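Novice: For reference, the file upload_39.cif (mmCIF, C-alpha atoms, pLDDT in the B column; chains and numbers go by the auth columns) is included below:
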data_work
#
loop_
_atom_site.group_PDB
_atom_site.id
_atom_site.type_symbol
_atom_site.label_atom_id
_atom_site.label_comp_id
_atom_site.label_asym_id
_atom_site.label_seq_id
_atom_site.Cartn_x
_atom_site.Cartn_y
_atom_site.Cartn_z
_atom_site.B_iso_or_equiv
_atom_site.auth_seq_id
_atom_site.auth_asym_id
ATOM 1 C CA MET A 1 161.736 204.131 100.138 47.00 1 A
ATOM 2 C CA GLN A 2 158.938 204.707 97.585 47.00 2 A
ATOM 3 C CA GLY A 3 155.250 204.502 98.776 47.00 3 A
ATOM 4 C CA GLY A 4 156.035 203.990 102.507 49.00 4 A
ATOM 5 C CA PHE A 5 156.977 205.826 105.689 47.00 5 A
ATOM 6 C CA PRO A 6 160.636 206.749 106.257 55.00 6 A
ATOM 7 C CA ILE A 7 162.340 204.434 108.769 55.00 7 A
ATOM 8 C CA GLU A 8 163.354 207.465 110.899 53.00 8 A
ATOM 9 C CA LEU A 9 159.705 208.495 111.339 50.00 9 A
ATOM 10 C CA ILE A 10 158.715 204.985 112.363 52.00 10 A
ATOM 11 C CA LEU A 11 161.510 204.844 114.960 54.00 11 A
ATOM 12 C CA PHE A 12 160.513 208.282 116.325 54.00 12 A
ATOM 13 C CA ALA A 13 156.896 207.163 116.708 54.00 13 A
ATOM 14 C CA MET A 14 157.978 204.019 118.586 61.00 14 A
ATOM 15 C CA VAL A 15 160.122 206.052 121.003 52.00 15 A
ATOM 16 C CA ALA A 16 157.276 208.524 121.615 53.00 16 A
ATOM 17 C CA LEU A 17 154.831 205.654 122.317 54.00 17 A
ATOM 18 C CA PHE A 18 157.285 204.103 124.761 53.00 18 A
ATOM 19 C CA LEU A 19 157.616 207.396 126.662 50.00 19 A
ATOM 20 C CA VAL A 20 153.833 207.883 126.862 45.00 20 A
ATOM 21 C CA LEU A 21 153.319 204.363 128.235 49.00 21 A
ATOM 22 C CA ARG A 22 156.142 204.893 130.717 48.00 22 A
ATOM 23 C CA LEU A 23 154.694 208.152 132.011 42.00 23 A
ATOM 24 C CA ARG A 24 151.247 206.593 132.408 44.00 24 A
ATOM 25 C CA SER A 25 152.689 203.713 134.400 41.00 25 A
ATOM 26 C CA VAL A 26 154.424 206.128 136.786 36.00 26 A
ATOM 27 C CA LEU A 27 151.691 208.762 137.168 37.00 27 A
ATOM 28 C CA GLY A 28 148.990 206.157 137.528 39.00 28 A
ATOM 29 C CA ARG A 29 150.441 204.766 140.769 38.00 29 A
ATOM 30 C CA ARG A 30 149.657 206.520 144.098 35.00 30 A
ATOM 31 C CA GLN A 31 152.666 206.876 146.377 32.00 31 A
ATOM 32 C CA GLY A 32 152.403 206.294 150.115 30.00 32 A
ATOM 33 C CA PHE A 33 153.342 209.868 151.119 28.00 33 A
ATOM 34 C CA GLU A 34 150.847 211.562 148.817 33.00 34 A
ATOM 35 C CA ARG A 35 148.184 213.608 150.638 34.00 35 A
ATOM 36 C CA GLN A 36 144.777 211.949 150.595 38.00 36 A
ATOM 37 C CA GLN A 37 141.931 214.100 149.363 40.00 37 A
ATOM 38 C CA GLN A 38 140.024 215.364 152.378 40.00 38 A
ATOM 39 C CA PRO A 39 136.278 216.008 152.203 42.00 39 A
ATOM 40 C CA GLU A 40 135.406 219.661 152.484 40.00 40 A
ATOM 41 C CA GLN A 41 134.612 220.586 156.083 40.00 41 A
ATOM 42 C CA PRO A 42 131.779 222.983 156.910 38.00 42 A
ATOM 43 C CA ALA A 43 132.708 226.318 158.454 35.00 43 A
ATOM 44 C CA PRO A 44 132.861 226.100 162.274 34.00 44 A
ATOM 45 C CA ALA A 45 129.859 227.446 164.140 36.00 45 A
ATOM 46 C CA TYR A 46 130.165 229.734 167.128 29.00 46 A
ATOM 47 C CA ASP A 47 130.386 227.680 170.288 33.00 47 A
ATOM 48 C CA PRO A 48 130.042 229.728 173.479 33.00 48 A
ATOM 49 C CA ARG A 49 132.046 227.089 175.344 29.00 49 A
ATOM 50 C CA GLY A 50 135.114 227.353 173.120 32.00 50 A
ATOM 51 C CA ALA A 51 137.151 229.645 170.930 33.00 51 A
ATOM 52 C CA ARG A 52 135.396 231.803 168.361 33.00 52 A
ATOM 53 C CA PRO A 53 136.223 231.306 164.701 35.00 53 A
ATOM 54 C CA PRO A 54 137.781 234.444 163.203 35.00 54 A
ATOM 55 C CA GLU A 55 134.753 235.304 161.109 39.00 55 A
ATOM 56 C CA VAL A 56 132.568 235.923 164.168 39.00 56 A
ATOM 57 C CA ASP A 57 131.664 239.548 164.843 45.00 57 A
ATOM 58 C CA PRO A 58 134.561 240.928 166.966 49.00 58 A
ATOM 59 C CA SER A 59 132.136 243.109 168.941 50.00 59 A
ATOM 60 C CA LEU A 60 130.758 239.997 170.626 46.00 60 A
ATOM 61 C CA PRO A 61 132.158 239.345 174.092 47.00 61 A
ATOM 62 C CA PRO A 62 134.689 236.577 174.194 47.00 62 A
ATOM 63 C CA PRO A 63 133.479 233.249 175.500 45.00 63 A
ATOM 64 C CA PRO A 64 134.354 232.187 179.010 47.00 64 A
ATOM 65 C CA THR A 65 137.415 229.926 179.211 53.00 65 A
ATOM 66 C CA GLY A 66 138.233 228.128 182.436 74.00 66 A
ATOM 67 C CA THR A 67 136.682 230.647 184.844 85.00 67 A
ATOM 68 C CA ARG A 68 136.903 229.459 188.452 89.00 68 A
ATOM 69 C CA LEU A 69 133.607 229.553 190.350 91.00 69 A
ATOM 70 C CA GLY A 70 133.702 230.166 194.083 94.00 70 A
ATOM 71 C CA ILE A 71 130.658 228.774 195.904 95.00 71 A
ATOM 72 C CA PRO A 72 130.742 228.858 199.729 96.00 72 A
ATOM 73 C CA ASP A 73 130.496 225.647 201.724 96.00 73 A
ATOM 74 C CA PRO A 74 126.918 225.035 202.909 95.00 74 A
ATOM 75 C CA ASN A 75 128.109 224.923 206.535 96.00 75 A
ATOM 76 C CA THR A 76 129.540 228.459 206.465 97.00 76 A
ATOM 77 C CA ASN A 77 127.536 231.564 207.356 97.00 77 A
ATOM 78 C CA VAL A 78 127.420 232.594 203.687 97.00 78 A
ATOM 79 C CA GLY A 79 126.405 229.086 202.658 97.00 79 A
ATOM 80 C CA GLN A 80 123.562 229.106 205.179 97.00 80 A
ATOM 81 C CA ALA A 81 122.410 232.506 203.908 97.00 81 A
ATOM 82 C CA LEU A 82 122.330 231.101 200.388 97.00 82 A
ATOM 83 C CA ALA A 83 120.199 228.206 201.690 97.00 83 A
ATOM 84 C CA ARG A 84 117.722 230.705 203.166 97.00 84 A
ATOM 85 C CA ILE A 85 117.538 232.522 199.832 97.00 85 A
ATOM 86 C CA ARG A 86 116.884 229.215 198.106 95.00 86 A
ATOM 87 C CA ALA A 87 114.103 228.413 200.573 96.00 87 A
ATOM 88 C CA ALA A 88 112.467 231.767 199.789 95.00 88 A
ATOM 89 C CA GLU A 89 113.111 231.346 196.039 92.00 89 A
ATOM 90 C CA PRO A 90 113.125 227.618 195.144 89.00 90 A
ATOM 91 C CA GLY A 91 114.530 228.298 191.663 89.00 91 A
ATOM 92 C CA PHE A 92 117.671 229.914 193.081 93.00 92 A
ATOM 93 C CA ASP A 93 120.920 228.028 192.474 93.00 93 A
ATOM 94 C CA PRO A 94 124.378 229.454 193.358 94.00 94 A
ATOM 95 C CA ALA A 95 126.092 228.049 190.242 92.00 95 A
ATOM 96 C CA GLY A 96 123.319 229.295 187.970 92.00 96 A
ATOM 97 C CA PHE A 97 123.387 232.651 189.746 94.00 97 A
ATOM 98 C CA LEU A 98 127.134 233.016 189.077 94.00 98 A
ATOM 99 C CA ALA A 99 126.598 232.228 185.388 92.00 99 A
ATOM 100 C CA GLY A 100 124.038 235.032 185.233 92.00 100 A
ATOM 101 C CA ALA A 101 126.325 237.337 187.220 94.00 101 A
ATOM 102 C CA GLU A 102 129.088 236.807 184.672 93.00 102 A
ATOM 103 C CA GLY A 103 126.760 237.811 181.855 92.00 103 A
ATOM 104 C CA ALA A 104 125.598 240.864 183.808 94.00 104 A
ATOM 105 C CA PHE A 105 129.206 241.878 184.551 95.00 105 A
ATOM 106 C CA ARG A 106 130.168 241.799 180.878 94.00 106 A
ATOM 107 C CA MET A 107 127.011 243.634 179.805 94.00 107 A
ATOM 108 C CA ILE A 108 127.333 246.374 182.424 96.00 108 A
ATOM 109 C CA VAL A 109 131.035 246.992 181.797 95.00 109 A
ATOM 110 C CA THR A 110 130.426 247.146 178.036 94.00 110 A
ATOM 111 C CA ALA A 111 127.312 249.332 178.370 95.00 111 A
ATOM 112 C CA PHE A 112 129.066 251.825 180.656 96.00 112 A
ATOM 113 C CA ALA A 113 131.967 252.211 178.221 95.00 113 A
ATOM 114 C CA ALA A 114 129.551 252.714 175.323 94.00 114 A
ATOM 115 C CA GLY A 115 127.282 255.092 177.243 95.00 115 A
ATOM 116 C CA ASP A 116 124.372 252.684 176.740 96.00 116 A
ATOM 117 C CA ARG A 117 121.951 254.096 179.287 96.00 117 A
ATOM 118 C CA ALA A 118 119.029 251.852 178.289 96.00 118 A
ATOM 119 C CA THR A 119 120.929 248.658 179.103 95.00 119 A
ATOM 120 C CA LEU A 120 122.245 250.084 182.367 96.00 120 A
ATOM 121 C CA ARG A 121 118.773 251.246 183.408 95.00 121 A
ATOM 122 C CA ASN A 122 117.500 247.664 183.241 94.00 122 A
ATOM 123 C CA LEU A 123 120.387 246.149 185.211 95.00 123 A
ATOM 124 C CA LEU A 124 121.112 248.750 187.915 97.00 124 A
ATOM 125 C CA SER A 125 119.198 249.992 190.931 96.00 125 A
ATOM 126 C CA ASP A 126 118.059 253.612 190.885 96.00 126 A
ATOM 127 C CA ASP A 127 120.900 254.882 193.083 96.00 127 A
ATOM 128 C CA THR A 128 123.589 252.912 191.234 97.00 128 A
ATOM 129 C CA TYR A 129 122.242 254.012 187.865 97.00 129 A
ATOM 130 C CA ALA A 130 122.374 257.665 188.981 97.00 130 A
ATOM 131 C CA GLY A 131 126.094 257.329 189.709 96.00 131 A
ATOM 132 C CA PHE A 132 126.835 255.606 186.402 96.00 132 A
ATOM 133 C CA GLU A 133 124.745 258.105 184.424 97.00 133 A
ATOM 134 C CA SER A 134 126.510 261.043 186.064 96.00 134 A
ATOM 135 C CA ALA A 135 129.908 259.624 185.052 95.00 135 A
ATOM 136 C CA ILE A 136 128.713 259.060 181.469 96.00 136 A
ATOM 137 C CA ALA A 137 127.314 262.611 181.243 97.00 137 A
ATOM 138 C CA ALA A 138 130.584 264.114 182.519 95.00 138 A
ATOM 139 C CA ARG A 139 132.532 262.082 179.987 94.00 139 A
ATOM 140 C CA GLU A 140 130.270 263.223 177.144 95.00 140 A
ATOM 141 C CA GLN A 141 130.507 266.851 178.196 95.00 141 A
ATOM 142 C CA ALA A 142 134.301 266.646 178.129 93.00 142 A
ATOM 143 C CA GLY A 143 134.196 265.065 174.658 95.00 143 A
ATOM 144 C CA GLU A 144 135.821 261.895 175.967 93.00 144 A
ATOM 145 C CA THR A 145 135.118 258.311 175.029 92.00 145 A
ATOM 146 C CA GLN A 146 135.709 255.209 177.078 92.00 146 A
ATOM 147 C CA ARG A 147 137.236 252.017 175.749 91.00 147 A
ATOM 148 C CA THR A 148 136.951 248.899 177.894 92.00 148 A
ATOM 149 C CA GLU A 149 137.663 245.307 176.919 91.00 149 A
ATOM 150 C CA VAL A 150 137.152 242.339 179.218 92.00 150 A
ATOM 151 C CA ARG A 151 139.913 240.014 178.017 90.00 151 A
ATOM 152 C CA GLY A 152 139.234 237.232 180.487 90.00 152 A
ATOM 153 C CA LEU A 153 137.553 236.292 183.751 92.00 153 A
ATOM 154 C CA HIS A 154 139.802 234.291 186.065 93.00 154 A
ATOM 155 C CA GLU A 155 137.430 233.926 189.000 94.00 155 A
ATOM 156 C CA ILE A 156 133.843 234.629 189.999 95.00 156 A
ATOM 157 C CA ALA A 157 133.103 233.948 193.647 96.00 157 A
ATOM 158 C CA ILE A 158 130.276 234.584 196.105 97.00 158 A
ATOM 159 C CA ASP A 159 131.777 236.558 198.992 97.00 159 A
ATOM 160 C CA ASN A 160 128.633 237.291 200.962 97.00 160 A
ATOM 161 C CA ALA A 161 124.881 236.703 200.974 98.00 161 A
ATOM 162 C CA GLU A 162 121.965 237.984 203.018 97.00 162 A
ATOM 163 C CA LEU A 163 118.193 237.696 203.198 97.00 163 A
ATOM 164 C CA LYS A 164 116.281 240.507 204.925 96.00 164 A
ATOM 165 C CA ASP A 165 112.538 240.057 204.857 94.00 165 A
ATOM 166 C CA ARG A 166 112.027 239.315 201.140 95.00 166 A
ATOM 167 C CA THR A 167 115.128 241.135 199.895 97.00 167 A
ATOM 168 C CA ALA A 168 118.006 238.851 198.868 97.00 168 A
ATOM 169 C CA SER A 169 121.504 240.295 198.441 97.00 169 A
ATOM 170 C CA VAL A 170 124.500 238.441 197.018 97.00 170 A
ATOM 171 C CA THR A 171 127.991 239.949 196.812 98.00 171 A
ATOM 172 C CA VAL A 172 130.221 238.623 194.027 97.00 172 A
ATOM 173 C CA ARG A 173 133.945 239.093 193.451 97.00 173 A
ATOM 174 C CA PHE A 174 135.112 239.259 189.819 97.00 174 A
ATOM 175 C CA VAL A 175 138.807 238.805 189.031 96.00 175 A
ATOM 176 C CA SER A 176 139.263 239.844 185.411 94.00 176 A
ATOM 177 C CA ASP A 177 141.808 240.935 182.830 93.00 177 A
ATOM 178 C CA GLN A 178 140.758 244.232 181.253 93.00 178 A
ATOM 179 C CA VAL A 179 141.988 247.005 179.001 91.00 179 A
ATOM 180 C CA ASN A 180 140.660 250.371 180.193 88.00 180 A
ATOM 181 C CA LEU A 181 141.441 253.759 178.717 88.00 181 A
ATOM 182 C CA THR A 182 139.726 257.089 178.196 91.00 182 A
ATOM 183 C CA LEU A 183 140.302 258.922 174.918 90.00 183 A
ATOM 184 C CA ALA A 184 140.251 262.717 174.757 91.00 184 A
ATOM 185 C CA ARG A 185 138.381 264.669 172.123 91.00 185 A
ATOM 186 C CA ASP A 186 141.406 264.609 169.801 89.00 186 A
ATOM 187 C CA GLY A 187 141.807 260.837 170.129 87.00 187 A
ATOM 188 C CA SER A 188 144.792 260.921 172.466 90.00 188 A
ATOM 189 C CA ILE A 189 144.808 258.810 175.628 90.00 189 A
ATOM 190 C CA ALA A 190 143.623 260.875 178.591 87.00 190 A
ATOM 191 C CA THR A 191 143.753 258.133 181.219 87.00 191 A
ATOM 192 C CA GLY A 192 144.635 254.452 181.178 82.00 192 A
ATOM 193 C CA ALA A 193 146.889 252.635 178.743 82.00 193 A
ATOM 194 C CA GLU A 194 146.937 250.011 176.014 84.00 194 A
ATOM 195 C CA ALA A 195 147.775 247.326 178.533 88.00 195 A
ATOM 196 C CA VAL A 196 145.978 244.384 180.092 90.00 196 A
ATOM 197 C CA VAL A 197 145.469 244.896 183.830 90.00 197 A
ATOM 198 C CA GLU A 198 144.078 242.431 186.374 93.00 198 A
ATOM 199 C CA LEU A 199 141.178 243.977 188.276 93.00 199 A
ATOM 200 C CA ASN A 200 139.381 242.770 191.390 94.00 200 A
ATOM 201 C CA ASP A 201 135.790 244.066 191.469 95.00 201 A
ATOM 202 C CA VAL A 202 133.249 243.407 194.213 97.00 202 A
ATOM 203 C CA TRP A 203 129.634 243.883 193.161 97.00 203 A
ATOM 204 C CA THR A 204 126.438 243.365 195.137 97.00 204 A
ATOM 205 C CA PHE A 205 123.261 242.222 193.403 97.00 205 A
ATOM 206 C CA GLN A 206 119.812 242.414 194.920 96.00 206 A
ATOM 207 C CA ARG A 207 116.360 241.060 194.192 95.00 207 A
ATOM 208 C CA GLU A 208 112.976 240.713 195.856 95.00 208 A
ATOM 209 C CA THR A 209 112.276 237.002 196.310 95.00 209 A
ATOM 210 C CA GLY A 210 108.933 235.904 194.919 91.00 210 A
ATOM 211 C CA SER A 211 108.895 238.829 192.480 91.00 211 A
ATOM 212 C CA SER A 212 107.743 238.275 188.896 90.00 212 A
ATOM 213 C CA ASP A 213 110.834 240.200 187.743 89.00 213 A
ATOM 214 C CA PRO A 214 113.722 237.695 187.607 89.00 214 A
ATOM 215 C CA THR A 215 116.425 240.399 187.292 91.00 215 A
ATOM 216 C CA TRP A 216 119.082 240.704 189.977 95.00 216 A
ATOM 217 C CA LYS A 217 120.005 244.396 189.929 96.00 217 A
ATOM 218 C CA LEU A 218 123.404 245.818 190.742 97.00 218 A
ATOM 219 C CA VAL A 219 123.125 247.906 193.918 97.00 219 A
ATOM 220 C CA ALA A 220 126.763 248.498 194.892 96.00 220 A
ATOM 221 C CA THR A 221 130.246 248.355 193.379 95.00 221 A
ATOM 222 C CA GLY A 222 133.697 248.409 194.911 93.00 222 A
ATOM 223 C CA ALA A 223 137.261 247.192 194.587 87.00 223 A
ATOM 224 C CA GLY A 224 138.409 243.961 196.188 74.00 224 A
#
Could you write out this file's structure as structure tokens?
Specialist:
Amino acid sequence: MQGGFPIELILFAMVALFLVLRLRSVLGRRQGFERQQQPEQPAPAYDPRGARPPEVDPSLPPPPTGTRLGIPDPNTNVGQALARIRAAEPGFDPAGFLAGAEGAFRMIVTAFAAGDRATLRNLLSDDTYAGFESAIAAREQAGETQRTEVRGLHEIAIDNAELKDRTASVTVRFVSDQVNLTLARDGSIATGAEAVVELNDVWTFQRETGSSDPTWKLVATGAG
């Protein structure tokens, strides 16, 4: 055909247009199983009451999860001793004390493993600090390092309490899961193992009621 488009080209264009319109009609419809676009969520913040997001510094102690608190009945001898401590120190509260004892337990265990004498000096009595410092010095002299991880605290309970004059003493039992091992100078394991072990520690904290220093210092340690 002179002066016009070939019939084959016209037919090809019509087929191409039909396919384009068909694709648009299909792709333009949203199917029921298609994933809806979700708004971007902010990164989770560290919540001390729950699990840590993975980006949090791994050197931080893990948050408490379901730790049982043991507070004696007010009618027991220990409960009555706690009442006397509260009378001498109106701000004293057994539940609040146990929360602070948990923090002190984690800090002391971590500081002893790291050889952090400054932290221990602030949290231990003179006699208790002398024993801890002697163990750290012996470890350093042998070229050993201590690795301790508190993996979980199952129970924190007040086992005993006493008030003598102005001195208040509270004994706490800690049931925890820990990894404890001592590494020799060459990096080999001298004592302990890469295993989680349940430990039962009994610690006694002491403080002068009415003192301006709010710190309960660790005065004795033992195994339950």
Novice: In Å to one decimal, how far is atom CA of A:Val109 from atom CA of A:Ala190?
Specialist: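 Result for atom CA of A:Ala190 versus atom CA of A:Val109: 19.0 Å, one decimal.
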Novice: For a quick check of understanding, using only C-alpha atoms, which of A:Arg121, A:Ala81, A:Thr67, A:Ala88 has the smallest distance to A:Asp177?
Specialist: A:Thr67
Novice: Neighbouring residues of A:Asn180 were defined as those with any atom within 9 Å, considering only C-alpha atoms; residues of the same chain fewer than 3 positions away were excluded. Please report them as an MDAnalysis selection string.
Specialist: chainID A and resid 146:150 191:197
Novice: Evaluate the PyMOL selection byres ((chain A and resi 174) around 12) against this structure - the residues, as a VMD selection string, please.
Specialist: chain A and resid 67 to 70 98 to 99 101 to 106 109 150 152 to 159 171 to 173 175 to 178 198 to 204 221 to 224
Novice: Just give me the gap between atom CA of A:Gly187 and atom CA of A:Arg139 in Å, one decimal is fine.
Specialist: 13.6 Å
Novice: Calculated over only C-alpha atoms, which of the candidates A:Ala168, A:Ala113, A:Ala161, A:Ala184 has the smallest distance to A:Ala135?
Specialist: A:Ala113
Novice: Rounded to one decimal in Å, what is the spacing between atom CA of A:Ala118 and atom CA of A:Glu144?
Specialist: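 Going from atom CA of A:Ala118 over to atom CA of A:Glu144, I get 19.7 Å.
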Novice: Check the smallest atom-to-atom distance from each of A:Ser134, A:Ser188, A:Thr209, A:Asn75 to A:Ser169 using all atoms listed in the file, then report the winner.
Specialist: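 Result for the nearest residue to A:Ser169: A:Thr209.
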Novice: Care to translate the PyMOL selection byres ((chain A and resi 206-208) around 12) into actual residues of this file, as a PyMOL selection string?
Specialist: chain A and resi 85+88-89+92+97+101+123-125+128+160-172+203-205+209-220
Novice: Considering all atoms listed in the file, return as a list in words whatever protein or nucleic-acid residues lie within 8 Å of A:Arg185, sequence-local ones (same chain, fewer than 5 positions apart) excluded.
Specialist: Ala142, Gly143, Glu144 and Thr145 of chain A
Novice: Which residue gives the smallest distance to A:Gly79 among A:Gly66, A:Asp116, A:Ala138, A:Asp93, with all atoms listed in the file counted?
Specialist: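 Among A:Gly66, A:Asp116, A:Ala138, A:Asp93, it is A:Asp93 that comes nearest to A:Gly79.
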Novice: Emit as JSON the padded axis-aligned box for all listed atoms of stretch 208-211 of chain A, 6 Å per side, with centre and edge lengths in Å to one decimal.
Specialist:
{"center_x": 110.9, "center_y": 238.3, "center_z": 194.4, "size_x": 16.1, "size_y": 16.8, "size_z": 15.8}
Novice: Pick the closest to A:Gln80 from A:Phe112, A:Pro94, A:Asp186, A:Arg117: which is it, counting only C-alpha atoms?
Specialist: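 Among A:Phe112, A:Pro94, A:Asp186, A:Arg117, it is A:Pro94 that comes nearest to A:Gln80.
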